[in-house]
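Worksheet for the structure shown next.
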There are 2 protein chains.
Amino acid sequence: MDSPLLKKLMQFSDFSSDDKSLINALTSDRQRLYGAREDIVREGEHSADIHVVLTGLACRYKHLEDGSRQIMAFLVPGDPCDSEIFILDKMDHSIGTLSPSIVAAVSGARMKQLLLNRGSIALAFWWNTLQDEGVLRERIIDEGRRDAYGRIGFLIYEIFLRSRAFGVIDGQTFDFPVTQVDLADATGLTPVHVNRMLRQFREENLIAIDGKTWTVLDPQGLRKAVGYEASYLHLDRARREPYSEAGRRVSGLI
Amino acid sequence: MDSPLLKKLMQFSDFSSDDKSLINALTSDRQRLYGAREDIVREGEHSADIHVVLTGLACRYKHLEDGSRQIMAFLVPGDPCDSEIFILDKMDHSIGTLSPSIVAAVSGARMKQLLLNRGSIALAFWWNTLQDEGVLRERIIDEGRRDAYGRIGFLIYEIFLRSRAFGVIDGQTFDFPVTQVDLADATGLTPVHVNRMLRQFREENLIAIDGKTWTVLDPQGLRKAVGYEASYLHLDRARREPYSEAGRRVSGLI
DNA sequence: CGATTCATTGACCGGGATCAAGAACCGTGG
DNA sequence: CCACGGTTCTTGATCCCGGTCAATGAATCG
């Protein structure tokens with residue numbers, strides 16, 4: 001049975017069965033169940049381990065001096081959390097769960113040894129990070145250039161696609177265990193305004209929310225409404241494409 | 001003579017002299033001089049090469065459907081531009097110069113072959129990307145939680161630090177060949193408001209601008225004014241100190 | 001020198017923040 | 001089962017930061 005980590009990395013490379021076993025072995029022991037809203041790694045800490053989310057939903061976040069919080073990324077099964085330990089003495093942000101999650105710890109030393117000897121796997125980890133970078137860049141565009149309606153809708157649509165990619169639930173319904181405060185922290189808006197935008201999406205019959213269960217009633221409509229550009233996810237580009245979402249592009253000059 | 005790329009990667013690893021030669025060789029031929037405001041890679045293109053900035057200043061940017069532009073990152077000497085070619089059919093954003101720059105092209109196939117055989121080098125490239133990610137995360141915080149004054153000041157201070165790290169000019173004066181429109185595109189503000197903020201910084205005697213030459217008159221004051229938190233740069237953390245003339249440290253971030 | 005880009009400043013407007021107050025929804029213990 | 005205290009959600013009223021529109025210099029360039 002392929003681990004979520006292997007599934008993720010297989011987006012990028014064909015692995016030998018040797019490689020596959022090695023990757024699977026990484027997260028096979030030292031698994032731990034975290035509750036909802038528990039920290040996996042905290043800012044300022046240094047851990048000798050890298051953590052990998054196997055089930056559930058987690059996020060990267062940071063508390064600022066003024067008490068506000070910024071969520072910088074959501075982490076889904078297969079995502080390594082804190083590869084930064086290789087280059088940093090201390091984490092410059094925290095990782096916390098949003099829902100109960102199983103997380104594996106991998107010794108940094110072991111990982112490093114593996115990557116030094118297996119260029120193929122090192123390459124896959126690099127490429128995975130490159131993909132993450134794409135998501136971060138899209139978030140920058142999101143915050144820099146979209147209005148509140150677009151930002152919220154964009155976020156919903158992205159989570160919808162990623163959830164579907166993991167087959168979390170079928171069809172248009174998926175689990176998204178966040179509060180409106182979390183959404184505000186992720187989009188740079190206030191909770192009050194998040195609420196207003198959600199109401200609008202509901203009134204437009206684009207989405208429905210029941211507790212932590214969300215439904216995208218009209219995927220195409222939502223996509224249009226927020227001008228979603230899926231190409232950056234490259235779900236249709238990865239060698240083995242788990243799910244496809246046709247991308248459009250625009251090009252231009254400076 | 002170490003290439004900018006090698007200098008950058010040496011932040012992360014000790015290399016054998018073999019490795020060093022291999023890295024230096026990557027960017028030693030196929031160098032090309034670009035003028036100011038020229039595209040190195042354009043969104044939608046697929047190139048078989050990876051480009052590495054050797055001198056000058058470049059940026060990642062993207063045009064949106066509505067015609068606006070977002071600058072997502074600045075690229076300084078030693079930065080690989082488009083490693084994404086390994087995982088994407090087409091670039092999802094463009095890379096363009098801001099000042100005249102020398103850029104080297106590296107065959108993707110050659111690079112891949114090298115990384116497969118040299119885990120140590122593959123690891124360094126991965127870590128370099130991890131560092132870039134940290135910078136992107138900081139930008140997300142910037143856009144999500146800071147006001148216009150803080151954003152502009154933050155950007156100036158960051159460029160100031162990085163320029164000093166590269167020893168571009170001495171003391172508090174450095175070259176920053178951007179227009180106010182560029183700054184607006186990088187911060188998600190309008191050019192008009194950028195201008196107002198710059199005026200404010202000038203009136204507070206924190207900075208002076210003469211053409212493309214900027215001076216931070218009061219580094220501590222600027223830092224205080226914008227609540228700069230340098231820790232994410234980890235200038236004091238990087239394993240080694242490649243630019244180790246006293247007091248100077250590292251490298252290309254943003 | 002026109003012509004084009006870039007910087008600057010003023011007047012006005014609007015999206016989203018802020019403040020405030022209920023309402024609905026918990027998990028907990030009696 | 002209900003009573004409760006604490007989150008979370010919801011909605012209205014008001015304010016202000018930064019966007020928009022517009023006009024004028026200033027600098028750069030064929």
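Identifiers in the structure tokens: chain A, B, ... in order shown; residue index from 1 per chain; ligand index from 1 in order shown.
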
Closest atom pairs, chain C residues within 12 Å of chain B, only C-alpha atoms (C1' of nucleotides), as a Markdown table:
```
| residue | atom | partner | partner_atom | distance |
| --- | --- | --- | --- | --- |
| C:DT5 | C1' | B:Thr179 | CA | 10.4 |
| C:DC6 | C1' | B:Thr179 | CA | 7.5 |
| C:DA7 | C1' | B:Asn195 | CA | 7.8 |
| C:DT8 | C1' | B:Asn195 | CA | 7.5 |
| C:DT9 | C1' | B:Arg196 | CA | 9.0 |
| C:DG10 | C1' | B:Val192 | CA | 11.6 |
| C:DA17 | C1' | B:Asp147 | CA | 11.9 |
```

Could you please take those selected residues and save N, CA and C atoms (P, O5', C5', C4', C3', O3' and C1' of nucleotides) as a PDB file, in the first residue's frame?
```
ATOM      1  P    DT C   5       5.044  55.077 -23.411  1.00  0.00           P
ATOM      2  O5'  DT C   5       5.842  54.935 -22.039  1.00  0.00           O
ATOM      3  C5'  DT C   5       7.254  54.799 -22.057  1.00  0.00           C
ATOM      4  C4'  DT C   5       7.844  55.507 -20.868  1.00  0.00           C
ATOM      5  C3'  DT C   5       7.294  55.055 -19.501  1.00  0.00           C
ATOM      6  O3'  DT C   5       8.374  54.586 -18.724  1.00  0.00           O
ATOM      7  C1'  DT C   5       7.443  57.410 -19.637  1.00  0.00           C
ATOM      8  P    DC C   6       8.125  53.874 -17.288  1.00  0.00           P
ATOM      9  O5'  DC C   6       8.272  55.092 -16.269  1.00  0.00           O
ATOM     10  C5'  DC C   6       9.526  55.739 -16.144  1.00  0.00           C
ATOM     11  C4'  DC C   6       9.401  56.877 -15.145  1.00  0.00           C
ATOM     12  C3'  DC C   6       8.723  56.489 -13.835  1.00  0.00           C
ATOM     13  O3'  DC C   6       9.617  56.794 -12.767  1.00  0.00           O
ATOM     14  C1'  DC C   6       7.794  58.491 -14.727  1.00  0.00           C
ATOM     15  P    DA C   7       9.117  56.604 -11.221  1.00  0.00           P
ATOM     16  O5'  DA C   7       8.686  58.082 -10.843  1.00  0.00           O
ATOM     17  C5'  DA C   7       9.663  59.108 -10.920  1.00  0.00           C
ATOM     18  C4'  DA C   7       9.092  60.413 -10.396  1.00  0.00           C
ATOM     19  C3'  DA C   7       8.498  60.355  -8.990  1.00  0.00           C
ATOM     20  O3'  DA C   7       8.965  61.495  -8.293  1.00  0.00           O
ATOM     21  C1'  DA C   7       6.897  61.209 -10.500  1.00  0.00           C
ATOM     22  P    DT C   8       8.639  61.673  -6.737  1.00  0.00           P
ATOM     23  O5'  DT C   8       7.347  62.575  -6.755  1.00  0.00           O
ATOM     24  C5'  DT C   8       7.413  63.866  -7.365  1.00  0.00           C
ATOM     25  C4'  DT C   8       6.049  64.501  -7.351  1.00  0.00           C
ATOM     26  C3'  DT C   8       5.282  64.425  -6.024  1.00  0.00           C
ATOM     27  O3'  DT C   8       5.278  65.738  -5.476  1.00  0.00           O
ATOM     28  C1'  DT C   8       3.877  64.113  -7.918  1.00  0.00           C
ATOM     29  P    DT C   9       4.919  66.003  -3.968  1.00  0.00           P
ATOM     30  O5'  DT C   9       3.399  66.439  -4.068  1.00  0.00           O
ATOM     31  C5'  DT C   9       3.025  67.448  -5.012  1.00  0.00           C
ATOM     32  C4'  DT C   9       1.538  67.459  -5.219  1.00  0.00           C
ATOM     33  C3'  DT C   9       0.685  67.202  -3.972  1.00  0.00           C
ATOM     34  O3'  DT C   9       0.043  68.424  -3.604  1.00  0.00           O
ATOM     35  C1'  DT C   9      -0.180  66.100  -5.898  1.00  0.00           C
ATOM     36  P    DG C  10      -0.999  68.508  -2.415  1.00  0.00           P
ATOM     37  O5'  DG C  10      -2.387  68.410  -3.191  1.00  0.00           O
ATOM     38  C5'  DG C  10      -2.735  69.396  -4.145  1.00  0.00           C
ATOM     39  C4'  DG C  10      -4.140  69.156  -4.655  1.00  0.00           C
ATOM     40  C3'  DG C  10      -5.190  68.941  -3.557  1.00  0.00           C
ATOM     41  O3'  DG C  10      -6.355  69.698  -3.883  1.00  0.00           O
ATOM     42  C1'  DG C  10      -5.203  67.109  -5.062  1.00  0.00           C
ATOM     43  P    DA C  17     -11.160  43.679   5.983  1.00  0.00           P
ATOM     44  O5'  DA C  17     -10.943  44.779   7.126  1.00  0.00           O
ATOM     45  C5'  DA C  17      -9.999  45.812   6.924  1.00  0.00           C
ATOM     46  C4'  DA C  17     -10.074  46.821   8.050  1.00  0.00           C
ATOM     47  C3'  DA C  17     -10.166  46.207   9.446  1.00  0.00           C
ATOM     48  O3'  DA C  17      -9.396  46.986  10.355  1.00  0.00           O
ATOM     49  C1'  DA C  17     -12.130  47.484   8.999  1.00  0.00           C
TER      50       DA C  17
END
```

Problem set entry | Exercise: Asp39 in chain A partners within 7 Å, only C-alpha atoms (C1' of nucleotides), chain neighbours under 3 positions left out, as JSON, numbers by chain | {"A": [42, 95, 96, 97]}

Export, as a PDB file, in the first residue's frame, the selected residues with N, CA and C atoms.
```pdb
ATOM      1  N   ARG A  42       6.312  24.097  16.751  1.00  0.00           N
ATOM      2  CA  ARG A  42       6.038  25.467  17.156  1.00  0.00           C
ATOM      3  C   ARG A  42       7.192  26.389  16.765  1.00  0.00           C
ATOM      4  N   ILE A  95       3.399  24.917  12.882  1.00  0.00           N
ATOM      5  CA  ILE A  95       2.504  24.039  12.126  1.00  0.00           C
ATOM      6  C   ILE A  95       1.488  23.490  13.109  1.00  0.00           C
ATOM      7  N   GLY A  96       0.224  23.602  12.783  1.00  0.00           N
ATOM      8  CA  GLY A  96      -0.806  23.088  13.675  1.00  0.00           C
ATOM      9  C   GLY A  96      -1.879  22.350  12.908  1.00  0.00           C
ATOM     10  N   THR A  97      -2.549  21.440  13.581  1.00  0.00           N
ATOM     11  CA  THR A  97      -3.635  20.713  12.928  1.00  0.00           C
ATOM     12  C   THR A  97      -4.914  21.535  12.965  1.00  0.00           C
TER      13      THR A  97
END
```

Exercise. RMSD over all C-alpha atoms, chain B superposed on chain A in order?
Worked result: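 Fitting chain B to chain A over paired C-alpha atoms yields 4.4 Å.
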
For this session: Find the residue from A:Ser28, A:Ser47, A:Asn117, A:Gln200 that sits nearest to chain B; use only C-alpha atoms when measuring.
Result: A:Asn117

Contacts between chain D and chain B, please, where a residue of chain B counts if it comes within 9 Å (with only C-alpha atoms (C1' of nucleotides)); show its shortest atom pair and distance in Å to one decimal, rows by chain and ascending number, as JSON lines.
```
{"residue": "B:Asp147", "atom": "CA", "partner": "D:DC17", "partner_atom": "C1'", "distance": 8.5}
{"residue": "B:Ala148", "atom": "CA", "partner": "D:DG18", "partner_atom": "C1'", "distance": 8.0}
{"residue": "B:Leu189", "atom": "CA", "partner": "D:DG18", "partner_atom": "C1'", "distance": 8.0}
{"residue": "B:Thr190", "atom": "CA", "partner": "D:DG19", "partner_atom": "C1'", "distance": 7.2}
{"residue": "B:Val192", "atom": "CA", "partner": "D:DG19", "partner_atom": "C1'", "distance": 8.9}
{"residue": "B:His193", "atom": "CA", "partner": "D:DG18", "partner_atom": "C1'", "distance": 7.0}
```

For this session: May I have the residues of chain B within 8 Å of chain A, counting only C-alpha atoms, written as JSON, numbers by chain?
Result: {"B": [12, 37, 38, 39, 42, 43, 44, 63, 64, 65, 68, 70, 72, 83, 84, 86, 87, 88, 89, 92, 96, 115, 116, 117, 118, 119, 120, 122, 123, 125, 126, 127, 129, 130, 131, 133, 136, 137, 139, 140, 141, 143, 144, 145, 187, 188, 189, 231, 232, 234, 237, 238, 239]}

For this session: Write out as a list of chain:residue names each polymer residue whose atoms come within 10 Å of Phe176 in chain A, counting only C-alpha atoms (C1' of nucleotides); drop sequence neighbours fewer than 4 positions from it.
Result: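 Non-adjacent residues within range: A:Gly56, A:Leu57, A:Leu98, A:Ser99, A:Ile156, A:Ile159, A:Phe160, A:Ser163, A:Ile209, A:Gly211, A:Lys212, A:Thr213, A:Trp214, A:Thr215.
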
Could the residues in this selection be saved with N, CA and C atoms as a PDB file, in the first residue's frame?
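result.pdb, freshly written:
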```pdb
ATOM      1  N   GLY A  56      -5.837  13.920   7.600  1.00  0.00           N
ATOM      2  CA  GLY A  56      -6.309  15.131   8.258  1.00  0.00           C
ATOM      3  C   GLY A  56      -5.908  16.401   7.539  1.00  0.00           C
ATOM      4  N   LEU A  57      -6.049  17.507   8.238  1.00  0.00           N
ATOM      5  CA  LEU A  57      -5.737  18.811   7.645  1.00  0.00           C
ATOM      6  C   LEU A  57      -4.942  19.637   8.651  1.00  0.00           C
ATOM      7  N   LEU A  98      -5.778  21.277  12.029  1.00  0.00           N
ATOM      8  CA  LEU A  98      -7.121  21.854  12.071  1.00  0.00           C
ATOM      9  C   LEU A  98      -8.131  20.774  12.442  1.00  0.00           C
ATOM     10  N   SER A  99      -7.890  19.592  11.937  1.00  0.00           N
ATOM     11  CA  SER A  99      -8.729  18.449  12.312  1.00  0.00           C
ATOM     12  C   SER A  99      -7.817  17.384  12.906  1.00  0.00           C
ATOM     13  N   ILE A 156     -11.803  28.779  -1.412  1.00  0.00           N
ATOM     14  CA  ILE A 156     -12.760  27.673  -1.376  1.00  0.00           C
ATOM     15  C   ILE A 156     -12.538  26.740  -2.553  1.00  0.00           C
ATOM     16  N   ILE A 159      -9.316  24.637  -2.178  1.00  0.00           N
ATOM     17  CA  ILE A 159      -9.459  23.557  -1.213  1.00  0.00           C
ATOM     18  C   ILE A 159     -10.364  22.466  -1.779  1.00  0.00           C
ATOM     19  N   PHE A 160     -11.394  22.885  -2.459  1.00  0.00           N
ATOM     20  CA  PHE A 160     -12.297  21.947  -3.121  1.00  0.00           C
ATOM     21  C   PHE A 160     -11.534  21.037  -4.077  1.00  0.00           C
ATOM     22  N   SER A 163      -9.074  18.781  -2.133  1.00  0.00           N
ATOM     23  CA  SER A 163      -9.783  17.734  -1.401  1.00  0.00           C
ATOM     24  C   SER A 163     -10.220  16.638  -2.355  1.00  0.00           C
ATOM     25  N   ILE A 209     -22.864  25.398   3.233  1.00  0.00           N
ATOM     26  CA  ILE A 209     -22.018  25.039   4.364  1.00  0.00           C
ATOM     27  C   ILE A 209     -22.881  24.438   5.459  1.00  0.00           C
ATOM     28  N   GLY A 211     -21.935  23.039   9.029  1.00  0.00           N
ATOM     29  CA  GLY A 211     -20.892  22.732  10.000  1.00  0.00           C
ATOM     30  C   GLY A 211     -19.538  22.747   9.322  1.00  0.00           C
ATOM     31  N   LYS A 212     -18.822  21.648   9.416  1.00  0.00           N
ATOM     32  CA  LYS A 212     -17.511  21.576   8.789  1.00  0.00           C
ATOM     33  C   LYS A 212     -17.580  20.928   7.409  1.00  0.00           C
ATOM     34  N   THR A 213     -18.785  20.660   6.968  1.00  0.00           N
ATOM     35  CA  THR A 213     -18.960  20.036   5.658  1.00  0.00           C
ATOM     36  C   THR A 213     -19.379  21.080   4.635  1.00  0.00           C
ATOM     37  N   TRP A 214     -18.588  21.198   3.625  1.00  0.00           N
ATOM     38  CA  TRP A 214     -18.838  22.212   2.604  1.00  0.00           C
ATOM     39  C   TRP A 214     -19.247  21.531   1.302  1.00  0.00           C
ATOM     40  N   THR A 215     -20.104  22.195   0.560  1.00  0.00           N
ATOM     41  CA  THR A 215     -20.478  21.692  -0.750  1.00  0.00           C
ATOM     42  C   THR A 215     -20.359  22.816  -1.775  1.00  0.00           C
TER      43      THR A 215
END
```

For this session: If you run DSSP over the backbone, which residues in range 26-246 of chain A end up alpha helix (DSSP H)? Put them as a PyMOL selection string.
Result: chain A and resi 26+108-117+119-145+148-165+180-187+191-203+219-226

For this session: From a DSSP calculation on the backbone, collect every residue of range 53-221 of chain B in strand (DSSP E) and output the set as a ChimeraX atom specification.
Result: /B:53-55,58-63,69-75,94-97,101-107,173-175,207-210,213-216
